[in-house]
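Source file protein.txt; content: compact mmCIF, C-alpha atoms and all ligand atoms.
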```txt
# COMPACT_ATOMS: atom_id res chain seq x y z
CA MET H 168 67.87 19.59 6.37
CA MET H 169 66.96 15.95 7.01
CA ILE H 170 64.83 14.30 4.28
CA ASN H 171 62.64 11.50 5.67
CA THR H 172 61.53 8.77 3.30
CA ASP H 173 60.79 5.05 3.29
CA VAL H 174 63.55 4.06 0.89
CA LEU H 175 66.62 5.76 -0.53
CA VAL H 176 67.45 4.47 -4.01
CA ILE H 177 71.09 4.89 -4.99
CA GLY H 178 71.39 5.00 -8.77
CA ALA H 179 69.00 6.25 -11.45
CA GLY H 180 69.87 3.64 -14.05
CA PRO H 181 67.10 1.43 -15.51
CA THR H 182 67.07 -0.82 -12.45
CA GLY H 183 66.82 2.02 -9.93
CA LEU H 184 64.04 3.61 -12.02
CA PHE H 185 61.95 0.46 -12.16
CA SER H 186 62.43 -0.11 -8.41
CA VAL H 187 60.85 3.33 -7.90
CA HIS H 188 57.80 2.02 -9.74
CA GLN H 189 57.67 -1.15 -7.69
CA LEU H 190 58.01 0.80 -4.43
CA GLY H 191 55.32 3.23 -5.59
CA ILE H 192 52.71 0.62 -6.41
CA ILE H 193 53.03 -0.97 -2.97
CA GLY H 194 52.65 2.46 -1.36
CA LEU H 195 56.23 3.22 -0.31
CA LYS H 196 57.88 6.60 -0.77
CA CYS H 197 61.42 6.96 -2.04
CA GLU H 198 64.00 9.47 -3.18
CA VAL H 199 66.77 8.81 -5.71
CA VAL H 200 70.38 9.99 -5.70
CA ASP H 201 72.66 9.72 -8.73
CA ASN H 202 76.17 10.90 -9.28
CA LEU H 203 75.44 11.74 -12.91
CA ASP H 204 73.74 14.97 -13.97
CA LYS H 205 71.04 13.03 -15.80
CA ILE H 206 68.71 10.10 -15.27
CA GLY H 207 69.33 6.79 -17.07
CA GLY H 208 72.64 5.26 -15.91
CA GLN H 209 74.60 3.36 -18.56
CA CYS H 210 71.72 3.58 -21.07
CA ILE H 211 72.04 7.35 -21.20
CA GLU H 212 75.71 7.81 -20.47
CA LEU H 213 77.13 5.06 -22.66
CA TYR H 214 74.62 4.21 -25.41
CA PRO H 215 71.69 6.65 -25.72
CA ASP H 216 71.37 6.08 -29.51
CA LYS H 217 72.06 2.34 -29.61
CA PRO H 218 69.11 0.00 -30.09
CA ILE H 219 68.35 -2.57 -27.38
CA TYR H 220 66.55 -5.72 -28.57
CA ASP H 221 65.92 -7.68 -25.37
CA ILE H 222 63.53 -5.65 -23.26
CA PRO H 223 60.44 -7.86 -22.85
CA ALA H 224 57.58 -6.81 -25.14
CA ILE H 225 59.62 -3.98 -26.71
CA PRO H 226 61.17 -5.39 -29.90
CA GLU H 227 63.56 -2.46 -30.27
CA CYS H 228 64.27 0.77 -28.41
CA THR H 229 67.31 2.96 -27.82
CA GLY H 230 68.89 3.57 -24.42
CA GLU H 231 67.31 7.01 -24.44
CA GLU H 232 63.84 5.74 -25.36
CA LEU H 233 63.95 3.11 -22.64
CA THR H 234 64.93 5.76 -20.08
CA LYS H 235 62.14 8.10 -21.24
CA ASN H 236 59.57 5.33 -20.88
CA LEU H 237 60.81 4.33 -17.44
CA ILE H 238 60.56 7.98 -16.34
CA GLU H 239 57.04 8.20 -17.82
CA GLN H 240 55.99 5.08 -15.94
CA ILE H 241 57.00 6.52 -12.54
CA LYS H 242 55.50 9.99 -13.12
CA PRO H 243 52.48 9.31 -10.85
CA PHE H 244 54.80 8.97 -7.85
CA LYS H 245 56.38 12.43 -8.29
CA THR H 246 59.70 11.04 -7.08
CA LYS H 247 62.44 13.51 -6.20
CA PHE H 248 65.78 12.95 -7.95
CA HIS H 249 68.99 14.32 -6.47
CA LEU H 250 71.37 14.39 -9.43
CA SER H 251 75.09 15.25 -9.62
CA ASP H 252 75.33 14.03 -6.06
CA ARG H 253 76.95 10.91 -4.67
CA VAL H 254 76.02 8.93 -1.60
CA GLU H 255 79.15 8.98 0.55
CA LYS H 256 78.30 7.66 4.01
CA ILE H 257 75.64 5.56 5.64
CA ASN H 258 75.05 4.87 9.34
CA TYR H 259 72.45 2.84 11.20
CA GLU H 260 70.78 4.69 14.10
CA GLU H 261 67.54 3.95 15.92
CA ASN H 262 66.20 1.47 13.35
CA LYS H 263 66.83 3.83 10.43
CA TRP H 264 69.58 4.35 7.92
CA LEU H 265 71.10 7.81 7.91
CA ILE H 266 72.55 8.64 4.53
CA LYS H 267 74.89 11.52 3.66
CA THR H 268 75.80 12.73 0.19
CA ASN H 269 78.70 14.56 -1.30
CA LYS H 270 76.67 17.76 -1.31
CA LEU H 271 75.89 17.22 2.40
CA LYS H 272 72.27 16.26 1.86
CA GLU H 273 70.96 13.97 4.59
CA PHE H 274 68.28 11.31 4.35
CA ARG H 275 66.64 9.11 6.97
CA ALA H 276 65.15 5.93 5.51
CA SER H 277 64.13 2.52 6.76
CA SER H 278 65.81 0.85 3.77
CA ILE H 279 68.32 1.52 1.03
CA ILE H 280 68.22 0.03 -2.45
CA ILE H 281 71.64 0.12 -4.07
CA ALA H 282 71.15 0.17 -7.84
CA GLY H 283 74.64 1.51 -8.41
CA GLY H 284 75.52 -0.44 -11.57
CA VAL H 285 79.24 -0.76 -11.88
CA GLY H 286 79.70 2.11 -9.44
CA SER H 287 79.61 5.82 -10.00
CA PHE H 288 80.81 7.35 -13.21
CA GLU H 289 83.75 9.59 -12.44
CA PRO H 290 86.03 11.66 -14.64
CA ARG H 291 89.22 10.01 -15.81
CA LYS H 292 91.99 12.11 -14.28
CA PHE H 293 95.57 13.14 -15.07
CA THR H 294 97.96 10.39 -14.05
CA ILE H 295 100.53 12.82 -12.63
CA LYS H 296 100.28 12.61 -8.83
CA GLU H 297 101.05 16.31 -8.26
CA CYS H 298 97.75 17.22 -9.97
CA GLU H 299 95.77 16.12 -6.89
CA LYS H 300 97.17 19.09 -4.98
CA PHE H 301 95.52 21.55 -7.37
CA GLU H 302 92.29 19.63 -8.01
CA GLY H 303 89.17 21.69 -7.39
CA LYS H 304 91.25 24.90 -7.19
CA GLU H 305 93.07 25.29 -10.50
CA ILE H 306 92.60 21.86 -12.07
CA PHE H 307 89.07 20.77 -12.96
CA TYR H 308 87.46 17.83 -14.73
CA SER H 309 84.14 19.59 -15.25
CA VAL H 310 83.07 23.21 -15.32
CA LYS H 311 80.77 24.42 -12.55
CA ASP H 312 81.41 28.18 -12.76
CA LYS H 313 82.82 29.41 -16.05
CA THR H 314 83.16 33.02 -14.82
CA ILE H 315 86.38 32.18 -12.92
CA PHE H 316 88.17 31.68 -16.25
CA LYS H 317 87.43 35.18 -17.56
CA ASN H 318 90.61 37.00 -18.71
CA LYS H 319 92.78 34.07 -17.51
CA THR H 320 94.93 31.52 -19.29
CA VAL H 321 93.20 28.15 -19.50
CA SER H 322 94.91 24.97 -20.74
CA ILE H 323 92.32 22.46 -21.93
CA PHE H 324 93.28 18.80 -22.42
CA GLY H 325 91.26 16.27 -24.42
CA GLY H 326 90.04 15.45 -27.89
CA GLY H 327 86.31 14.86 -27.47
CA ASP H 328 83.25 17.08 -27.51
CA SER H 329 83.69 18.47 -23.98
CA ALA H 330 87.24 19.64 -24.67
CA LEU H 331 86.26 21.17 -28.03
CA ASP H 332 83.09 22.83 -26.75
CA TRP H 333 84.80 24.42 -23.75
CA ALA H 334 87.76 25.55 -25.86
CA ILE H 335 85.33 27.30 -28.22
CA GLU H 336 83.24 28.83 -25.45
CA LEU H 337 86.10 30.01 -23.22
CA SER H 338 88.12 31.42 -26.14
CA ALA H 339 85.68 34.37 -26.22
CA ASN H 340 87.00 35.75 -22.90
CA SER H 341 90.11 33.75 -21.99
CA LYS H 342 93.48 32.85 -23.45
CA VAL H 343 92.99 29.17 -24.39
CA GLN H 344 95.35 26.38 -25.33
CA LEU H 345 93.74 23.16 -26.54
CA ILE H 346 96.15 20.29 -25.96
CA HIS H 347 95.54 16.80 -27.35
CA ARG H 348 97.74 13.71 -27.55
CA ARG H 349 96.69 12.96 -31.13
CA ASP H 350 96.27 14.99 -34.32
CA GLU H 351 92.68 13.86 -34.83
CA PHE H 352 89.82 14.95 -32.58
CA ARG H 353 86.93 12.65 -31.65
CA GLY H 354 84.27 15.36 -31.29
CA ALA H 355 81.61 16.55 -33.72
CA GLN H 356 83.04 17.66 -37.06
CA ALA H 357 81.40 21.09 -36.78
CA SER H 358 83.22 21.69 -33.48
CA VAL H 359 86.53 20.45 -34.90
CA ASP H 360 86.13 22.86 -37.84
CA LYS H 361 85.30 25.74 -35.50
CA VAL H 362 88.35 25.05 -33.31
CA LYS H 363 90.60 24.96 -36.38
CA LYS H 364 89.12 28.26 -37.58
CA LEU H 365 89.64 29.88 -34.16
CA SER H 366 93.19 28.52 -34.18
CA THR H 367 94.00 30.15 -37.55
CA GLU H 368 92.49 33.39 -36.23
CA GLY H 369 94.84 33.15 -33.22
CA LYS H 370 92.01 32.79 -30.70
CA ILE H 371 92.89 29.24 -29.64
CA GLU H 372 96.42 27.85 -29.48
CA LEU H 373 96.21 24.30 -30.78
CA LEU H 374 98.88 21.89 -29.50
CA THR H 375 98.53 18.35 -30.82
CA GLN H 376 100.61 15.25 -30.06
CA TYR H 377 101.28 16.73 -26.63
CA GLN H 378 100.57 15.29 -23.17
CA LEU H 379 100.96 16.73 -19.70
CA SER H 380 104.38 15.83 -18.29
CA ALA H 381 104.76 18.04 -15.18
CA ILE H 382 103.03 20.66 -13.14
CA ALA H 383 104.59 23.43 -11.06
CA GLY H 384 103.44 25.75 -8.29
CA ASP H 385 103.49 25.81 -4.51
CA ASN H 386 100.09 26.80 -3.18
CA LYS H 387 98.92 28.06 -6.53
CA LEU H 388 99.38 26.51 -9.97
CA GLN H 389 101.98 28.44 -11.96
CA SER H 390 102.89 26.45 -15.02
CA ILE H 391 102.60 23.13 -16.75
CA SER H 392 105.03 21.25 -18.96
CA ILE H 393 103.78 19.31 -21.92
CA LYS H 394 105.69 16.68 -23.83
CA HIS H 395 105.51 16.21 -27.60
CA ASP H 396 105.71 12.77 -29.20
CA SER H 397 109.13 13.88 -30.46
CA GLU H 398 110.24 14.27 -26.80
CA THR H 399 110.29 18.10 -26.99
CA ILE H 400 109.09 19.67 -23.76
CA LYS H 401 107.19 22.94 -23.73
CA LYS H 402 106.52 25.00 -20.59
CA ILE H 403 103.30 27.00 -20.40
CA GLU H 404 102.47 29.65 -17.80
CA THR H 405 98.81 29.05 -17.01
CA ASN H 406 96.11 29.85 -14.44
CA TYR H 407 93.78 26.91 -14.93
CA VAL H 408 93.88 23.40 -16.36
CA LEU H 409 90.81 21.52 -17.54
CA GLY H 410 90.97 17.79 -18.31
CA PHE H 411 88.25 16.11 -20.37
CA PHE H 412 89.19 12.46 -20.81
CA GLY H 413 85.79 10.80 -20.46
CA LEU H 414 84.40 8.84 -17.55
CA VAL H 415 85.50 5.76 -15.67
CA MET H 416 83.35 3.67 -13.36
CA GLN H 417 84.44 3.35 -9.76
CA LEU H 418 82.73 1.41 -7.00
CA GLY H 419 83.63 4.46 -4.89
CA PRO H 420 82.23 4.91 -1.38
CA ILE H 421 79.96 1.82 -1.61
CA ALA H 422 83.08 -0.24 -0.87
CA THR H 423 83.35 1.32 2.62
CA TRP H 424 79.82 0.60 3.91
CA GLY H 425 80.52 -2.73 5.61
CA LEU H 426 78.84 -4.75 2.86
CA ASN H 427 80.16 -8.12 1.81
CA LEU H 428 81.85 -7.63 -1.54
CA ASP H 429 82.78 -10.08 -4.25
CA LYS H 430 85.27 -8.22 -6.47
CA LYS H 431 83.23 -5.15 -7.40
CA THR H 432 79.79 -6.65 -6.75
CA ILE H 433 77.59 -7.15 -3.69
CA PRO H 434 76.39 -10.68 -2.89
CA VAL H 435 72.65 -10.84 -2.16
CA ASN H 436 70.01 -13.25 -1.00
CA THR H 437 67.86 -13.93 -4.06
CA GLU H 438 64.68 -14.20 -1.99
CA ASN H 439 64.53 -10.42 -1.60
CA PHE H 440 67.92 -9.09 -2.81
CA GLU H 441 68.96 -8.08 0.69
CA THR H 442 72.69 -7.79 1.37
CA ASN H 443 74.48 -8.87 4.56
CA GLN H 444 73.26 -5.59 6.15
CA LYS H 445 69.63 -5.58 7.29
CA GLY H 446 67.52 -3.17 5.25
CA ILE H 447 70.11 -2.69 2.51
CA PHE H 448 69.21 -4.25 -0.81
CA ALA H 449 71.32 -4.44 -3.98
CA ILE H 450 69.91 -4.86 -7.49
CA GLY H 451 71.02 -4.59 -11.10
CA ASP H 452 74.60 -4.87 -12.31
CA ILE H 453 76.01 -4.32 -8.82
CA CYS H 454 74.49 -7.41 -7.22
CA ALA H 455 75.93 -10.91 -7.36
CA TYR H 456 74.33 -14.34 -6.98
CA PRO H 457 74.72 -17.68 -8.74
CA GLY H 458 73.50 -17.36 -12.31
CA LYS H 459 73.31 -13.53 -12.30
CA LEU H 460 72.85 -12.04 -15.78
CA LYS H 461 73.97 -8.42 -16.14
CA LEU H 462 70.90 -7.52 -18.17
CA ILE H 463 68.25 -4.86 -17.72
CA LEU H 464 65.44 -7.43 -17.58
CA SER H 465 67.09 -9.17 -14.61
CA GLY H 466 67.39 -5.81 -12.84
CA PHE H 467 63.63 -5.27 -13.20
CA HIS H 468 62.84 -8.56 -11.46
CA GLU H 469 65.40 -7.84 -8.74
CA GLY H 470 63.84 -4.40 -8.16
CA ALA H 471 60.37 -5.93 -7.78
CA LEU H 472 61.54 -8.30 -5.05
CA ALA H 473 63.73 -5.74 -3.28
CA ALA H 474 60.81 -3.28 -3.12
CA ARG H 475 58.71 -5.93 -1.36
CA GLY H 476 61.68 -6.62 0.93
CA CYS H 477 61.70 -2.93 1.91
CA PHE H 478 58.03 -3.10 2.93
CA LYS H 479 58.61 -4.96 6.18
CA TYR H 480 61.09 -2.30 7.35
CA ALA H 481 58.86 0.64 6.37
CA ARG H 482 55.59 -0.84 7.70
CA PRO H 483 56.64 -3.43 10.30
CA LYS H 484 53.11 -3.83 11.64
CA GLU H 485 51.44 -4.38 8.26
CA LYS H 486 51.34 -7.41 6.02
CA LEU H 487 51.90 -6.79 2.33
CA LYS H 488 49.10 -8.23 0.24
CA PHE H 489 49.94 -9.59 -3.19
CA GLU H 490 47.92 -7.71 -5.82
CA PHE H 491 47.76 -7.53 -9.62
CA THR H 492 47.94 -4.07 -11.21
CA THR H 493 45.09 -5.06 -13.56
CA THR H 494 42.64 -5.56 -10.71
CA SER H 495 43.93 -3.78 -7.58
CA LYS H 496 42.05 -0.59 -6.69
CA ASN H 497 44.89 0.37 -4.29
CA VAL H 498 47.54 0.10 -6.97
CA GLN H 499 45.43 1.89 -9.55
CA SER H 500 44.68 4.73 -7.20
CA ARG H 501 48.43 5.09 -6.46
CA LEU H 502 48.99 5.20 -10.21
CA GLY H 503 46.24 7.80 -10.57
CA VAL H 504 44.29 5.55 -12.95
CA LYS H 505 40.83 6.91 -13.74
CA LYS H 506 38.27 4.13 -14.25
CA ASN H 507 35.33 4.47 -16.62
CA ASP H 508 33.14 1.57 -15.67
C1 LIG H 601 77.28 -0.52 -24.73
C2 LIG H 601 76.32 -1.28 -23.84
C3 LIG H 601 75.27 -1.94 -24.41
C4 LIG H 601 74.36 -2.69 -23.60
N1 LIG H 601 73.33 -3.34 -24.18
C5 LIG H 601 72.43 -4.00 -23.40
C6 LIG H 601 71.33 -4.72 -23.98
O1 LIG H 601 71.18 -4.78 -25.21
N2 LIG H 601 70.44 -5.34 -23.14
C7 LIG H 601 70.58 -5.32 -21.77
O2 LIG H 601 69.73 -5.87 -21.05
N3 LIG H 601 71.65 -4.68 -21.20
C8 LIG H 601 72.56 -4.04 -21.98
N4 LIG H 601 73.64 -3.41 -21.40
C9 LIG H 601 73.81 -3.52 -19.94
C10 LIG H 601 72.87 -2.57 -19.21
O3 LIG H 601 73.04 -1.23 -19.66
C11 LIG H 601 73.12 -2.68 -17.71
O4 LIG H 601 72.84 -4.02 -17.32
C12 LIG H 601 72.20 -1.73 -16.96
O5 LIG H 601 72.46 -0.38 -17.29
C13 LIG H 601 72.36 -1.92 -15.46
O6 LIG H 601 71.48 -1.04 -14.85
P1 LIG H 601 71.71 -0.55 -13.37
O7 LIG H 601 70.53 0.33 -13.09
O8 LIG H 601 71.97 -1.71 -12.50
O9 LIG H 601 73.07 0.30 -13.40
P2 LIG H 601 73.58 1.54 -14.25
O10 LIG H 601 72.86 1.69 -15.52
O11 LIG H 601 75.07 1.37 -14.31
O12 LIG H 601 73.25 2.79 -13.31
C14 LIG H 601 73.85 2.92 -12.06
C15 LIG H 601 73.81 4.36 -11.62
O13 LIG H 601 74.22 4.43 -10.25
C16 LIG H 601 74.95 5.61 -10.05
N5 LIG H 601 75.76 5.47 -8.82
C17 LIG H 601 76.66 4.49 -8.50
N6 LIG H 601 77.17 4.69 -7.28
C18 LIG H 601 76.58 5.80 -6.79
C19 LIG H 601 76.69 6.53 -5.56
N7 LIG H 601 77.51 6.16 -4.55
N8 LIG H 601 75.95 7.65 -5.40
C20 LIG H 601 75.12 8.06 -6.40
N9 LIG H 601 74.97 7.41 -7.58
C21 LIG H 601 75.70 6.30 -7.77
C22 LIG H 601 75.76 5.76 -11.34
O14 LIG H 601 76.12 7.11 -11.56
C23 LIG H 601 74.76 5.25 -12.40
O15 LIG H 601 74.02 6.28 -13.01
C24 LIG H 601 74.55 -2.71 -22.19
C25 LIG H 601 75.62 -2.00 -21.63
C26 LIG H 601 76.52 -1.31 -22.43
C27 LIG H 601 77.65 -0.56 -21.79
```

So that I can check it, write out the structure of this file as structure tokens.
Ligand SMILES: Cc1cc2nc3c(=O)[nH]c(=O)nc-3n(C[C@H](O)[C@H](O)[C@H](O)COP(=O)(O)OP(=O)(O)OC[C@H]3O[C@@H](n4cnc5c(N)ncnc54)[C@H](O)[C@@H]3O)c2cc1C
Amino acid sequence: MMINTDVLVIGAGPTGLFSVHQLGIIGLKCEVVDNLDKIGGQCIELYPDKPIYDIPAIPECTGEELTKNLIEQIKPFKTKFHLSDRVEKINYEENKWLIKTNKLKEFRASSIIIAGGVGSFEPRKFTIKECEKFEGKEIFYSVKDKTIFKNKTVSIFGGGDSALDWAIELSANSKVQLIHRRDEFRGAQASVDKVKKLSTEGKIELLTQYQLSAIAGDNKLQSISIKHDSETIKKIETNYVLGFFGLVMQLGPIATWGLNLDKKTIPVNTENFETNQKGIFAIGDICAYPGKLKLILSGFHEGALAARGCFKYARPKEKLKFEFTTTSKNVQSRLGVKKND
């Protein structure tokens, strides 16, 4: 199904969220796509509990609090978020941008705002090339359907919360090995204790100081070999492999959209934050211009100008009037403000 909107915002980090507000107050509709399964970009993924001290007029707030407030501020616009989905392809047809995502959603919009930060967060993968062959079939970096693991052997790699939590959960119905390259785990102490308990009860096989060294199987995964620090190699017959090594940031498909790139950033015109492609704007950490500061406050300003830049594509016959939120009846009605005067 084709979703028609004025603007497609790529990225639900702080900059993308505030651009939704700026589009909303000038009367433009938008939809937001983010690769992550939650709203907030780096603030939520990398530092939800850390205090930020340089958001104007907010002396101190955490990444999570900032995200909550940005979401609260755009509530009146009832914006639709498409999470755990990545924009893959864009094409220009009949004065509109056609946008396709990983999950095959399609959008038609007069403009695109790229608020993609440092690119999409993607799982860090096994470095052994052969693994690609089994990816999505027997090797996974996240769990979408845990029922496939029932009564199977599952080899879980990693030392953080995801690895520990899935080892605990799957051990109820599967034969589980938890394999980690160090002796110490990074996850919550309660989970570490639980894994150790399940290991002494024989419900999880714990293999520390081991790393994946080889993988075997033709069409179907048959076994893996893991290498101990002491060079010993152990072969394990297994059905599934799960790798939880955290996230890396990749520019990903954005690099293939015909945009001028400067290393991993997109040069923009600072008048309206438009890129070299008409109707495509870039804001936040992903945009580049002389003097650019990779700060949230700069992203807010960039979003305000990009939103106004989108107006001429969405409403080519209208002129955008400059208005203050304090006094504009139009803006206040879009925000659903009730006046008692
Ligand atoms: C530890 C840490 C502390 C920081 N402290 C501060 C601070 O004190 N003050 C400050 O101002 N800044 C701080 N920053 C920087 C700040 O977090 C960034 O400047 C800000 O997050 C940039 O916002 P953004 O919206 O441009 O991008 P991001 O927050 O990176 O969000 C981009 C989003 O786009 C998504 N995305 C990318 N490509 C695609 C695609 N193709 N399809 C779908 N989705 C896609 C990503 O998944 C991501 O969620 C800090 C950063 C870190 C890591």

Name the residues, by chain letter and number, that sit within 8 Å of ligand LIG 601 (chain H) using only C-alpha atoms and all ligand atoms, and give them as number ranges by chain.
H: 177-184, 200-203, 205-210, 212-214, 217-222, 230, 250-255, 268, 281-288, 417-421, 450-453, 461-466

Residues near H:Glu351, cut-off 12 Å, only C-alpha atoms, skip fewer than 6 positions along chain, as a list in words
Gly325, Gly326, Gly327, Leu331, Val359, Asp360, Lys363, Leu373, Leu374, Thr375 and Gln376 of chain H

Shell of 10 Å around H:Ser309, all atoms listed in the file, local chain residues under 3 positions omitted, as a list in words:
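Answer for this query is Pro290, Gly303, Ile306, Asp312, Lys313, Ser329, Ala330, Trp333, Leu409, Gly410 and Phe411 of chain H.
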
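Using all atoms listed in the file, the nearest neighbour of H:Leu472 within the list H:Asn269, H:Thr314, H:Asn436, H:Thr294 is H:Asn436.
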
At most 12 Å from (85.4, 36.9, -18.1), file frame, all atoms listed in the file: which residues, as a ChimeraX atom specification?
/H:312-321,336-342

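Of note, atom CA of H:Lys361 and atom CA of H:Arg348 are spaced 19.0 Å apart.
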
Do you know which residues are at most 8 Å from H:Glu305 counting all atoms listed in the file, after dropping those on the same chain fewer than 4 positions away, and could you put them as a PyMOL selection string?
chain H and resi 301+387-388+406-408

Which of H:Lys263, H:Lys270, H:His188, H:Arg482 sits closest to H:Leu237 [using only C-alpha atoms]:
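Closest residue, counting only C-alpha atoms: H:His188.
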
I need the residue nearest H:Val174 from this list: H:Lys401, H:His468, H:Lys479, H:Lys488. Use only C-alpha atoms for the distance.
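Closest candidate: H:Lys479.
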
Near H:Arg475, within 12 Å and counting all atoms listed in the file, which residues show up once chain neighbours fewer than 3 positions away are dropped, as a PyMOL selection string?
chain H and resi 174+186-195+278+280+438-441+446+448+468-472+478-482+486-490

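Interatomic distance, atom CA of H:Val343 to atom CA of H:Glu299: 22.0 Å.
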
What does the distance from atom CA of H:Ser322 to atom CA of H:Lys370 come to in Å, to one decimal?
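Answer for the atom CA of H:Ser322 to atom CA of H:Lys370 separation: 13.0 Å.
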
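The residue set within 9 Å of H:Asn258, counting all atoms listed in the file and dropping same-chain residues fewer than 3 places from it, reads Lys263, Trp264, Leu265, Ile266, Lys267 and Trp424 of chain H.
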
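Counting all atoms listed in the file and comparing H:Cys298, H:Ile211, H:Ala355, H:Leu502, the residue that lies closest to H:Gly384 is H:Cys298.
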